[in-house]
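Just start_5.pdb here, PDB, C-alpha atoms:
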```pdb
MODEL        1
ATOM      1  CA  ASN Q   1     297.735 -68.387  85.234  1.00  0.00           C
ATOM      2  CA  ALA Q   2     298.841 -70.789  82.536  1.00  0.00           C
ATOM      3  CA  GLY Q   3     296.583 -73.712  81.823  1.00  0.00           C
ATOM      4  CA  VAL Q   4     297.724 -77.192  80.877  1.00  0.00           C
ATOM      5  CA  MET Q   5     300.598 -76.920  78.435  1.00  0.00           C
ATOM      6  CA  GLN Q   6     301.196 -79.643  75.895  1.00  0.00           C
ATOM      7  CA  ASN Q   7     303.933 -79.793  73.329  1.00  0.00           C
ATOM      8  CA  PRO Q   8     304.472 -80.241  70.565  1.00  0.00           C
ATOM      9  CA  ARG Q   9     301.077 -79.342  69.065  1.00  0.00           C
ATOM     10  CA  HIS Q  10     301.828 -81.409  65.987  1.00  0.00           C
ATOM     11  CA  LEU Q  11     304.297 -84.253  65.672  1.00  0.00           C
ATOM     12  CA  VAL Q  12     305.154 -86.248  62.574  1.00  0.00           C
ATOM     13  CA  ARG Q  13     307.090 -89.475  62.957  1.00  0.00           C
ATOM     14  CA  ARG Q  14     308.110 -92.198  60.540  1.00  0.00           C
ATOM     15  CA  ARG Q  15     307.158 -95.767  61.345  1.00  0.00           C
ATOM     16  CA  GLY Q  16     309.622 -97.227  63.832  1.00  0.00           C
ATOM     17  CA  GLN Q  17     310.642 -93.913  65.388  1.00  0.00           C
ATOM     18  CA  GLU Q  18     309.927 -92.787  68.927  1.00  0.00           C
ATOM     19  CA  ALA Q  19     307.389 -90.141  69.889  1.00  0.00           C
ATOM     20  CA  ARG Q  20     307.659 -88.118  73.091  1.00  0.00           C
ATOM     21  CA  LEU Q  21     304.694 -86.042  74.172  1.00  0.00           C
ATOM     22  CA  ARG Q  22     305.007 -83.563  77.024  1.00  0.00           C
ATOM     23  CA  CYS Q  23     302.452 -82.187  79.429  1.00  0.00           C
ATOM     24  CA  SER Q  24     302.865 -79.567  82.129  1.00  0.00           C
ATOM     25  CA  PRO Q  25     299.813 -79.537  84.404  1.00  0.00           C
ATOM     26  CA  MET Q  26     298.047 -76.451  85.583  1.00  0.00           C
ATOM     27  CA  LYS Q  27     299.693 -74.740  88.558  1.00  0.00           C
ATOM     28  CA  GLY Q  28     298.502 -76.362  91.764  1.00  0.00           C
ATOM     29  CA  HIS Q  29     297.373 -79.558  90.021  1.00  0.00           C
ATOM     30  CA  SER Q  30     299.163 -82.743  91.000  1.00  0.00           C
ATOM     31  CA  HIS Q  31     297.058 -85.269  89.071  1.00  0.00           C
ATOM     32  CA  VAL Q  32     297.666 -85.877  85.375  1.00  0.00           C
ATOM     33  CA  TYR Q  33     295.665 -87.979  82.927  1.00  0.00           C
ATOM     34  CA  TRP Q  34     296.404 -88.944  79.333  1.00  0.00           C
ATOM     35  CA  TYR Q  35     293.650 -89.678  76.806  1.00  0.00           C
ATOM     36  CA  ARG Q  36     293.771 -90.681  73.149  1.00  0.00           C
ATOM     37  CA  GLN Q  37     291.239 -89.510  70.605  1.00  0.00           C
ATOM     38  CA  LEU Q  38     290.851 -90.916  67.131  1.00  0.00           C
ATOM     39  CA  PRO Q  39     289.008 -88.848  64.469  1.00  0.00           C
ATOM     40  CA  GLU Q  40     285.247 -88.829  65.046  1.00  0.00           C
ATOM     41  CA  GLU Q  41     285.669 -90.828  68.251  1.00  0.00           C
ATOM     42  CA  GLY Q  42     285.586 -90.246  71.965  1.00  0.00           C
ATOM     43  CA  LEU Q  43     288.338 -89.917  74.522  1.00  0.00           C
ATOM     44  CA  LYS Q  44     289.944 -93.192  75.537  1.00  0.00           C
ATOM     45  CA  PHE Q  45     291.594 -93.257  78.950  1.00  0.00           C
ATOM     46  CA  MET Q  46     295.236 -94.268  78.870  1.00  0.00           C
ATOM     47  CA  VAL Q  47     296.944 -93.508  82.165  1.00  0.00           C
ATOM     48  CA  TYR Q  48     296.555 -91.597  85.433  1.00  0.00           C
ATOM     49  CA  LEU Q  49     299.615 -90.308  87.246  1.00  0.00           C
ATOM     50  CA  GLN Q  50     300.620 -88.329  90.264  1.00  0.00           C
ATOM     51  CA  LYS Q  51     304.114 -87.055  90.936  1.00  0.00           C
ATOM     52  CA  GLU Q  52     306.504 -90.028  90.685  1.00  0.00           C
ATOM     53  CA  ASN Q  53     303.604 -92.503  90.751  1.00  0.00           C
ATOM     54  CA  ILE Q  54     301.506 -94.308  88.182  1.00  0.00           C
ATOM     55  CA  ILE Q  55     298.063 -94.637  89.749  1.00  0.00           C
ATOM     56  CA  ASP Q  56     296.222 -96.404  86.923  1.00  0.00           C
ATOM     57  CA  GLU Q  57     297.637 -97.533  83.592  1.00  0.00           C
ATOM     58  CA  SER Q  58     294.801 -99.847  82.648  1.00  0.00           C
ATOM     59  CA  GLY Q  59     294.254 -98.050  79.334  1.00  0.00           C
ATOM     60  CA  MET Q  60     297.844 -98.223  78.147  1.00  0.00           C
ATOM     61  CA  PRO Q  61     298.793-100.761  75.491  1.00  0.00           C
ATOM     62  CA  LYS Q  62     301.087-103.358  77.043  1.00  0.00           C
ATOM     63  CA  GLU Q  63     303.919-102.751  74.631  1.00  0.00           C
ATOM     64  CA  ARG Q  64     305.657 -99.666  73.256  1.00  0.00           C
ATOM     65  CA  PHE Q  65     303.765 -97.175  75.455  1.00  0.00           C
ATOM     66  CA  SER Q  66     305.020 -95.734  78.725  1.00  0.00           C
ATOM     67  CA  ALA Q  67     304.305 -92.695  80.846  1.00  0.00           C
ATOM     68  CA  GLU Q  68     306.001 -90.877  83.668  1.00  0.00           C
ATOM     69  CA  PHE Q  69     305.476 -87.830  85.839  1.00  0.00           C
ATOM     70  CA  PRO Q  70     308.802 -87.073  87.519  1.00  0.00           C
ATOM     71  CA  LYS Q  71     309.293 -85.015  90.638  1.00  0.00           C
ATOM     72  CA  GLU Q  72     310.576 -82.168  88.497  1.00  0.00           C
ATOM     73  CA  GLY Q  73     309.423 -81.386  84.996  1.00  0.00           C
ATOM     74  CA  PRO Q  74     306.496 -82.312  82.802  1.00  0.00           C
ATOM     75  CA  SER Q  75     304.693 -85.586  82.405  1.00  0.00           C
ATOM     76  CA  ILE Q  76     305.932 -87.555  79.401  1.00  0.00           C
ATOM     77  CA  LEU Q  77     303.997 -90.003  77.258  1.00  0.00           C
ATOM     78  CA  ARG Q  78     306.448 -92.069  75.264  1.00  0.00           C
ATOM     79  CA  ILE Q  79     305.592 -94.234  72.286  1.00  0.00           C
ATOM     80  CA  GLN Q  80     308.369 -96.426  70.963  1.00  0.00           C
ATOM     81  CA  GLN Q  81     308.542 -97.851  67.447  1.00  0.00           C
ATOM     82  CA  VAL Q  82     305.448 -95.995  66.304  1.00  0.00           C
ATOM     83  CA  VAL Q  83     303.048 -97.570  63.815  1.00  0.00           C
ATOM     84  CA  ARG Q  84     300.384 -95.957  61.619  1.00  0.00           C
ATOM     85  CA  GLY Q  85     297.688 -96.976  64.067  1.00  0.00           C
ATOM     86  CA  ASP Q  86     299.243 -94.699  66.701  1.00  0.00           C
ATOM     87  CA  SER Q  87     298.193 -91.643  64.682  1.00  0.00           C
ATOM     88  CA  ALA Q  88     295.728 -89.775  66.882  1.00  0.00           C
ATOM     89  CA  ALA Q  89     295.272 -86.739  69.068  1.00  0.00           C
ATOM     90  CA  TYR Q  90     296.710 -87.229  72.539  1.00  0.00           C
ATOM     91  CA  PHE Q  91     295.229 -85.044  75.239  1.00  0.00           C
ATOM     92  CA  CYS Q  92     296.613 -84.448  78.661  1.00  0.00           C
ATOM     93  CA  ALA Q  93     294.403 -83.211  81.502  1.00  0.00           C
ATOM     94  CA  SER Q  94     295.111 -82.218  85.070  1.00  0.00           C
ATOM     95  CA  SER Q  95     293.093 -81.800  88.249  1.00  0.00           C
ATOM     96  CA  PRO Q  96     293.876 -80.796  91.823  1.00  0.00           C
ATOM     97  CA  ALA Q  97     292.815 -84.262  93.064  1.00  0.00           C
ATOM     98  CA  GLY Q  98     291.271 -87.502  91.777  1.00  0.00           C
ATOM     99  CA  GLY Q  99     288.205 -87.909  89.567  1.00  0.00           C
ATOM    100  CA  ASN Q 100     285.754 -85.856  91.621  1.00  0.00           C
ATOM    101  CA  TYR Q 101     287.121 -82.614  90.225  1.00  0.00           C
ATOM    102  CA  GLY Q 102     286.712 -81.172  86.764  1.00  0.00           C
ATOM    103  CA  TYR Q 103     289.610 -81.699  84.425  1.00  0.00           C
ATOM    104  CA  THR Q 104     291.507 -78.959  82.649  1.00  0.00           C
ATOM    105  CA  PHE Q 105     292.661 -80.208  79.256  1.00  0.00           C
ATOM    106  CA  GLY Q 106     295.642 -79.134  77.244  1.00  0.00           C
ATOM    107  CA  SER Q 107     295.382 -78.329  73.538  1.00  0.00           C
ATOM    108  CA  GLY Q 108     296.596 -81.802  72.624  1.00  0.00           C
ATOM    109  CA  THR Q 109     299.361 -83.238  70.488  1.00  0.00           C
ATOM    110  CA  ARG Q 110     298.333 -84.407  67.033  1.00  0.00           C
ATOM    111  CA  LEU Q 111     300.597 -87.334  66.174  1.00  0.00           C
ATOM    112  CA  THR Q 112     300.874 -88.408  62.557  1.00  0.00           C
ATOM    113  CA  VAL Q 113     302.843 -91.518  61.674  1.00  0.00           C
ATOM    114  CA  VAL Q 114     303.948 -91.691  58.056  1.00  0.00           C
TER     115      VAL Q 114
ATOM    116  CA  GLY L   1     285.077-102.537  83.393  1.00  0.00           C
ATOM    117  CA  GLN L   2     283.070 -99.366  83.656  1.00  0.00           C
ATOM    118  CA  GLN L   3     281.424 -98.203  80.425  1.00  0.00           C
ATOM    119  CA  VAL L   4     279.704 -94.943  79.598  1.00  0.00           C
ATOM    120  CA  MET L   5     277.352 -94.861  76.611  1.00  0.00           C
ATOM    121  CA  GLN L   6     276.070 -91.697  75.001  1.00  0.00           C
ATOM    122  CA  ILE L   7     273.350 -91.153  72.419  1.00  0.00           C
ATOM    123  CA  PRO L   8     272.763 -89.945  69.833  1.00  0.00           C
ATOM    124  CA  GLN L   9     276.152 -89.889  68.108  1.00  0.00           C
ATOM    125  CA  TYR L  10     275.133 -87.032  65.807  1.00  0.00           C
ATOM    126  CA  GLN L  11     272.354 -84.476  65.859  1.00  0.00           C
ATOM    127  CA  HIS L  12     271.534 -81.875  63.226  1.00  0.00           C
ATOM    128  CA  VAL L  13     269.096 -79.161  64.254  1.00  0.00           C
ATOM    129  CA  GLN L  14     267.796 -75.911  62.864  1.00  0.00           C
ATOM    130  CA  GLU L  15     268.859 -72.856  64.820  1.00  0.00           C
ATOM    131  CA  GLY L  16     266.279 -72.225  67.511  1.00  0.00           C
ATOM    132  CA  GLU L  17     265.356 -75.891  67.980  1.00  0.00           C
ATOM    133  CA  ASP L  18     266.091 -77.752  71.191  1.00  0.00           C
ATOM    134  CA  PHE L  19     268.724 -80.460  71.608  1.00  0.00           C
ATOM    135  CA  THR L  20     269.201 -83.272  74.120  1.00  0.00           C
ATOM    136  CA  THR L  21     271.971 -85.811  74.613  1.00  0.00           C
ATOM    137  CA  TYR L  22     271.733 -88.786  76.955  1.00  0.00           C
ATOM    138  CA  CYS L  23     274.374 -90.607  78.912  1.00  0.00           C
ATOM    139  CA  ASN L  24     274.228 -94.014  80.633  1.00  0.00           C
ATOM    140  CA  SER L  25     276.795 -95.726  82.816  1.00  0.00           C
ATOM    141  CA  SER L  26     277.136 -99.444  83.435  1.00  0.00           C
ATOM    142  CA  THR L  27     277.991 -98.708  87.075  1.00  0.00           C
ATOM    143  CA  THR L  28     276.851 -96.269  89.756  1.00  0.00           C
ATOM    144  CA  LEU L  29     278.836 -93.057  89.562  1.00  0.00           C
ATOM    145  CA  SER L  30     280.173 -90.765  92.251  1.00  0.00           C
ATOM    146  CA  ASN L  31     279.760 -87.846  89.867  1.00  0.00           C
ATOM    147  CA  ILE L  32     279.045 -87.031  86.227  1.00  0.00           C
ATOM    148  CA  GLN L  33     280.788 -84.298  84.315  1.00  0.00           C
ATOM    149  CA  TRP L  34     280.039 -82.678  80.962  1.00  0.00           C
ATOM    150  CA  TYR L  35     282.541 -81.288  78.499  1.00  0.00           C
ATOM    151  CA  LYS L  36     282.303 -79.470  75.170  1.00  0.00           C
ATOM    152  CA  GLN L  37     284.824 -79.827  72.375  1.00  0.00           C
ATOM    153  CA  ARG L  38     284.721 -77.462  69.421  1.00  0.00           C
ATOM    154  CA  PRO L  39     285.934 -78.767  66.041  1.00  0.00           C
ATOM    155  CA  GLY L  40     289.734 -78.914  66.121  1.00  0.00           C
ATOM    156  CA  GLY L  41     289.798 -77.941  69.785  1.00  0.00           C
ATOM    157  CA  HIS L  42     290.169 -79.588  73.136  1.00  0.00           C
ATOM    158  CA  PRO L  43     287.514 -80.614  75.680  1.00  0.00           C
ATOM    159  CA  VAL L  44     286.398 -77.831  77.993  1.00  0.00           C
ATOM    160  CA  PHE L  45     284.771 -78.551  81.336  1.00  0.00           C
ATOM    161  CA  LEU L  46     281.157 -77.398  81.581  1.00  0.00           C
ATOM    162  CA  ILE L  47     279.749 -78.749  84.830  1.00  0.00           C
ATOM    163  CA  GLN L  48     279.824 -81.468  87.471  1.00  0.00           C
ATOM    164  CA  LEU L  49     276.804 -83.163  89.075  1.00  0.00           C
ATOM    165  CA  VAL L  50     277.232 -85.055  92.316  1.00  0.00           C
ATOM    166  CA  LYS L  51     273.858 -85.611  93.977  1.00  0.00           C
ATOM    167  CA  SER L  52     271.176 -88.093  93.020  1.00  0.00           C
ATOM    168  CA  GLY L  53     268.434 -86.331  91.017  1.00  0.00           C
ATOM    169  CA  GLU L  54     270.446 -83.127  90.777  1.00  0.00           C
ATOM    170  CA  VAL L  55     269.504 -80.533  88.168  1.00  0.00           C
ATOM    171  CA  LYS L  56     271.748 -77.613  87.239  1.00  0.00           C
ATOM    172  CA  LYS L  57     271.268 -74.839  84.714  1.00  0.00           C
ATOM    173  CA  GLN L  58     273.706 -72.676  82.825  1.00  0.00           C
ATOM    174  CA  LYS L  59     271.761 -70.142  80.752  1.00  0.00           C
ATOM    175  CA  ARG L  60     270.170 -72.272  77.977  1.00  0.00           C
ATOM    176  CA  LEU L  61     271.817 -75.526  79.149  1.00  0.00           C
ATOM    177  CA  THR L  62     270.112 -77.844  81.654  1.00  0.00           C
ATOM    178  CA  PHE L  63     271.969 -80.796  83.152  1.00  0.00           C
ATOM    179  CA  GLN L  64     270.348 -83.664  85.047  1.00  0.00           C
ATOM    180  CA  PHE L  65     271.753 -86.546  87.081  1.00  0.00           C
ATOM    181  CA  GLY L  66     269.519 -89.580  87.471  1.00  0.00           C
ATOM    182  CA  GLU L  67     268.138 -90.816  90.769  1.00  0.00           C
ATOM    183  CA  ALA L  68     270.220 -93.987  90.572  1.00  0.00           C
ATOM    184  CA  LYS L  69     273.340 -91.983  89.644  1.00  0.00           C
ATOM    185  CA  LYS L  70     273.804 -94.054  86.498  1.00  0.00           C
ATOM    186  CA  ASN L  71     272.414 -91.717  83.842  1.00  0.00           C
ATOM    187  CA  SER L  72     272.478 -88.089  82.905  1.00  0.00           C
ATOM    188  CA  SER L  73     271.243 -85.705  80.247  1.00  0.00           C
ATOM    189  CA  LEU L  74     272.145 -82.358  78.755  1.00  0.00           C
ATOM    190  CA  HIS L  75     269.392 -80.264  77.213  1.00  0.00           C
ATOM    191  CA  ILE L  76     269.991 -77.102  75.209  1.00  0.00           C
ATOM    192  CA  THR L  77     267.026 -74.798  74.662  1.00  0.00           C
ATOM    193  CA  ALA L  78     266.808 -72.743  71.470  1.00  0.00           C
ATOM    194  CA  THR L  79     270.146 -73.750  69.969  1.00  0.00           C
ATOM    195  CA  GLN L  80     272.471 -71.170  68.456  1.00  0.00           C
ATOM    196  CA  THR L  81     275.305 -71.617  65.960  1.00  0.00           C
ATOM    197  CA  THR L  82     277.753 -71.080  68.812  1.00  0.00           C
ATOM    198  CA  ASP L  83     276.503 -74.344  70.355  1.00  0.00           C
ATOM    199  CA  VAL L  84     278.141 -76.354  67.560  1.00  0.00           C
ATOM    200  CA  GLY L  85     280.589 -78.956  68.834  1.00  0.00           C
ATOM    201  CA  THR L  86     280.811 -82.348  70.485  1.00  0.00           C
ATOM    202  CA  TYR L  87     279.377 -82.792  73.954  1.00  0.00           C
ATOM    203  CA  PHE L  88     280.902 -85.482  76.150  1.00  0.00           C
ATOM    204  CA  CYS L  89     279.675 -86.870  79.404  1.00  0.00           C
ATOM    205  CA  ALA L  90     282.249 -88.401  81.730  1.00  0.00           C
ATOM    206  CA  GLY L  91     281.596 -90.661  84.670  1.00  0.00           C
ATOM    207  CA  GLY L  92     283.664 -90.453  87.824  1.00  0.00           C
ATOM    208  CA  SER L  93     284.143 -93.257  90.305  1.00  0.00           C
ATOM    209  CA  SER L  94     285.405 -92.695  93.831  1.00  0.00           C
ATOM    210  CA  ASN L  95     287.173 -96.053  93.564  1.00  0.00           C
ATOM    211  CA  THR L  96     289.272 -95.314  90.518  1.00  0.00           C
ATOM    212  CA  GLY L  97     289.825 -91.566  90.643  1.00  0.00           C
ATOM    213  CA  LYS L  98     289.622 -91.285  86.855  1.00  0.00           C
ATOM    214  CA  LEU L  99     286.923 -90.241  84.393  1.00  0.00           C
ATOM    215  CA  ILE L 100     285.494 -92.532  81.735  1.00  0.00           C
ATOM    216  CA  PHE L 101     284.156 -90.585  78.785  1.00  0.00           C
ATOM    217  CA  GLY L 102     281.167 -91.367  76.619  1.00  0.00           C
ATOM    218  CA  GLN L 103     281.588 -91.389  72.846  1.00  0.00           C
ATOM    219  CA  GLY L 104     280.173 -87.893  72.549  1.00  0.00           C
ATOM    220  CA  THR L 105     277.281 -86.319  70.688  1.00  0.00           C
ATOM    221  CA  THR L 106     278.230 -84.042  67.812  1.00  0.00           C
ATOM    222  CA  LEU L 107     275.801 -81.176  67.367  1.00  0.00           C
ATOM    223  CA  GLN L 108     275.432 -79.335  64.082  1.00  0.00           C
ATOM    224  CA  VAL L 109     273.243 -76.230  63.983  1.00  0.00           C
ATOM    225  CA  LYS L 110     271.911 -74.871  60.691  1.00  0.00           C
ATOM    226  CA  PRO L 111     271.474 -71.101  60.689  1.00  0.00           C
TER     227      PRO L 111
ENDMDL
END
```
Go ahead and render the structure in this file as structure tokens.
Amino acid sequence: NAGVMQNPRHLVRRRGQEARLRCSPMKGHSHVYWYRQLPEEGLKFMVYLQKENIIDESGMPKERFSAEFPKEGPSILRIQQVVRGDSAAYFCASSPAGGNYGYTFGSGTRLTVV
Amino acid sequence: GQQVMQIPQYQHVQEGEDFTTYCNSSTTLSNIQWYKQRPGGHPVFLIQLVKSGEVKKQKRLTFQFGEAKKNSSLHITATQTTDVGTYFCAGGSSNTGKLIFGQGTTLQVKP
């Protein structure tokens, strides 16, 4: 019974490159959430998705960031033209339904922009 | 928008002492959840509280949800070194379907 799978665990990108972060939710979970965590800080909500739908993207920066959760395959968080300030841990979580259920988090992707 | 504040940010205790972290929301919540994150790890779900005034216990951990459903606390009795980590509260709203996390309280336990 695999949990939430995120890959890669670590990602290094040069400024200006693209970063693609993948998240496969737990089996039976159809709701996916992405959070960003800076060192010594809390979890900042980015986006909430269901299959083929973005439910809430109020935490996503207006430019360079996008997310999708296609009918088949993992959810993807895409960051274009990365800058140093994008360096952070990005966590994906899933739940069987909206926010009244506990989240299962993946191990995160640690993005470093050099 | 909805905000969730958590205090203190850091707490250092001697092993065997008690520990409490407090959480306050700017809006009424449908539920409050608590998570623990070990250093270098990911958040792990501990518990969910739904009812006004609810109290739940897990061994040495006691969780409370305020009467107005806007605040919560986590109390650990007789801390152990295995309790080290950051404890996050997260507020759920039936309107939004997402969780808003507090900033976390990082607990250090001296053996």
Chain L residues near chain Q (12 Å cut-off, only C-alpha atoms) as a PDB file with C-alpha atoms, in the frame of the given file:
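New file result37.pdb:
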```
ATOM      1  CA  GLY L   1     285.077-102.537  83.393  1.00  0.00           C
ATOM      2  CA  GLN L   2     283.070 -99.366  83.656  1.00  0.00           C
ATOM      3  CA  GLN L   3     281.424 -98.203  80.425  1.00  0.00           C
ATOM      4  CA  VAL L   4     279.704 -94.943  79.598  1.00  0.00           C
ATOM      5  CA  MET L   5     277.352 -94.861  76.611  1.00  0.00           C
ATOM      6  CA  GLN L   6     276.070 -91.697  75.001  1.00  0.00           C
ATOM      7  CA  GLN L   9     276.152 -89.889  68.108  1.00  0.00           C
ATOM      8  CA  TYR L  10     275.133 -87.032  65.807  1.00  0.00           C
ATOM      9  CA  LEU L  29     278.836 -93.057  89.562  1.00  0.00           C
ATOM     10  CA  SER L  30     280.173 -90.765  92.251  1.00  0.00           C
ATOM     11  CA  ASN L  31     279.760 -87.846  89.867  1.00  0.00           C
ATOM     12  CA  ILE L  32     279.045 -87.031  86.227  1.00  0.00           C
ATOM     13  CA  GLN L  33     280.788 -84.298  84.315  1.00  0.00           C
ATOM     14  CA  TRP L  34     280.039 -82.678  80.962  1.00  0.00           C
ATOM     15  CA  TYR L  35     282.541 -81.288  78.499  1.00  0.00           C
ATOM     16  CA  LYS L  36     282.303 -79.470  75.170  1.00  0.00           C
ATOM     17  CA  GLN L  37     284.824 -79.827  72.375  1.00  0.00           C
ATOM     18  CA  ARG L  38     284.721 -77.462  69.421  1.00  0.00           C
ATOM     19  CA  PRO L  39     285.934 -78.767  66.041  1.00  0.00           C
ATOM     20  CA  GLY L  40     289.734 -78.914  66.121  1.00  0.00           C
ATOM     21  CA  GLY L  41     289.798 -77.941  69.785  1.00  0.00           C
ATOM     22  CA  HIS L  42     290.169 -79.588  73.136  1.00  0.00           C
ATOM     23  CA  PRO L  43     287.514 -80.614  75.680  1.00  0.00           C
ATOM     24  CA  VAL L  44     286.398 -77.831  77.993  1.00  0.00           C
ATOM     25  CA  PHE L  45     284.771 -78.551  81.336  1.00  0.00           C
ATOM     26  CA  LEU L  46     281.157 -77.398  81.581  1.00  0.00           C
ATOM     27  CA  ILE L  47     279.749 -78.749  84.830  1.00  0.00           C
ATOM     28  CA  GLN L  48     279.824 -81.468  87.471  1.00  0.00           C
ATOM     29  CA  LEU L  49     276.804 -83.163  89.075  1.00  0.00           C
ATOM     30  CA  VAL L  50     277.232 -85.055  92.316  1.00  0.00           C
ATOM     31  CA  GLY L  85     280.589 -78.956  68.834  1.00  0.00           C
ATOM     32  CA  THR L  86     280.811 -82.348  70.485  1.00  0.00           C
ATOM     33  CA  TYR L  87     279.377 -82.792  73.954  1.00  0.00           C
ATOM     34  CA  PHE L  88     280.902 -85.482  76.150  1.00  0.00           C
ATOM     35  CA  CYS L  89     279.675 -86.870  79.404  1.00  0.00           C
ATOM     36  CA  ALA L  90     282.249 -88.401  81.730  1.00  0.00           C
ATOM     37  CA  GLY L  91     281.596 -90.661  84.670  1.00  0.00           C
ATOM     38  CA  GLY L  92     283.664 -90.453  87.824  1.00  0.00           C
ATOM     39  CA  SER L  93     284.143 -93.257  90.305  1.00  0.00           C
ATOM     40  CA  SER L  94     285.405 -92.695  93.831  1.00  0.00           C
ATOM     41  CA  ASN L  95     287.173 -96.053  93.564  1.00  0.00           C
ATOM     42  CA  THR L  96     289.272 -95.314  90.518  1.00  0.00           C
ATOM     43  CA  GLY L  97     289.825 -91.566  90.643  1.00  0.00           C
ATOM     44  CA  LYS L  98     289.622 -91.285  86.855  1.00  0.00           C
ATOM     45  CA  LEU L  99     286.923 -90.241  84.393  1.00  0.00           C
ATOM     46  CA  ILE L 100     285.494 -92.532  81.735  1.00  0.00           C
ATOM     47  CA  PHE L 101     284.156 -90.585  78.785  1.00  0.00           C
ATOM     48  CA  GLY L 102     281.167 -91.367  76.619  1.00  0.00           C
ATOM     49  CA  GLN L 103     281.588 -91.389  72.846  1.00  0.00           C
ATOM     50  CA  GLY L 104     280.173 -87.893  72.549  1.00  0.00           C
ATOM     51  CA  THR L 105     277.281 -86.319  70.688  1.00  0.00           C
ATOM     52  CA  THR L 106     278.230 -84.042  67.812  1.00  0.00           C
TER      53      THR L 106
END
```
Handout entry: Distance of atom CA of L:Leu74 from atom CA of Q:Pro96, expressed in Å to one decimal place
Key = 25.4 Å
Nearby residues (only C-alpha atoms) at most 10 Å from L:Thr82, same-chain spacing under 4 positions excluded, as a compact mmCIF listing (two decimals) with C-alpha atoms, in the frame of the given file:
```txt
# COMPACT_ATOMS: atom_id res chain seq x y z
CA GLU L 15 268.86 -72.86 64.82
CA ARG L 38 284.72 -77.46 69.42
CA GLN L 108 275.43 -79.33 64.08
CA VAL L 109 273.24 -76.23 63.98
```
Exercise for the section: Any chance you could resolve the PyMOL selection byres ((chain Q and resi 50-53) around 6) against this file and give the residues as JSON, numbers by chain? Expected result: {"Q": [30, 31, 49, 54, 69, 70, 71]}
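The space between atom CA of Q:Asp86 and atom CA of Q:Ser66 spans 13.4 Å.
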Exercise for the section: Just give me the gap between atom CA of L:Arg60 and atom CA of L:Thr20 in Å, one decimal is fine. Expected result: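 Interatomic distance here is 11.7 Å.
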Practice task
Report the residues retrieved by the PyMOL selection byres ((chain L and resi 16) around 7) from the displayed file, expressed as a ChimeraX atom specification.
Solution key: /L:14-15,17-18,78-80
Handout entry: Test item: the PyMOL selection byres ((chain Q and resi 88) around 10) resolved as number ranges by chain
Key = Q: 36-39, 84-87, 89-91, 108-113
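Take the candidates L:Lys51, L:Lys56, L:Gly66, L:Ser72 and check each one against L:Cys23 using all atoms listed in the file; the shortest distance goes to L:Ser72.
Of the listed residues (Q:Ser94, Q:Val82, Q:Ile76, Q:Val114), Q:Val82 comes nearest to Q:Arg64; the distances count all atoms listed in the file.
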Handout entry: Residue contacts of Q:Arg20 (7 Å, only C-alpha atoms) excluding same-chain residues fewer than 2 positions away, as a PyMOL selection string
Key = chain Q and resi 18+22+76-79
Handout entry: Residue nearest Q:Gln17 - candidates Q:Glu72, Q:Pro61, Q:Gln81, Q:Val4, atoms counted: all atoms listed in the file
Key =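 Among the listed residues, the smallest separation from Q:Gln17 belongs to Q:Gln81.
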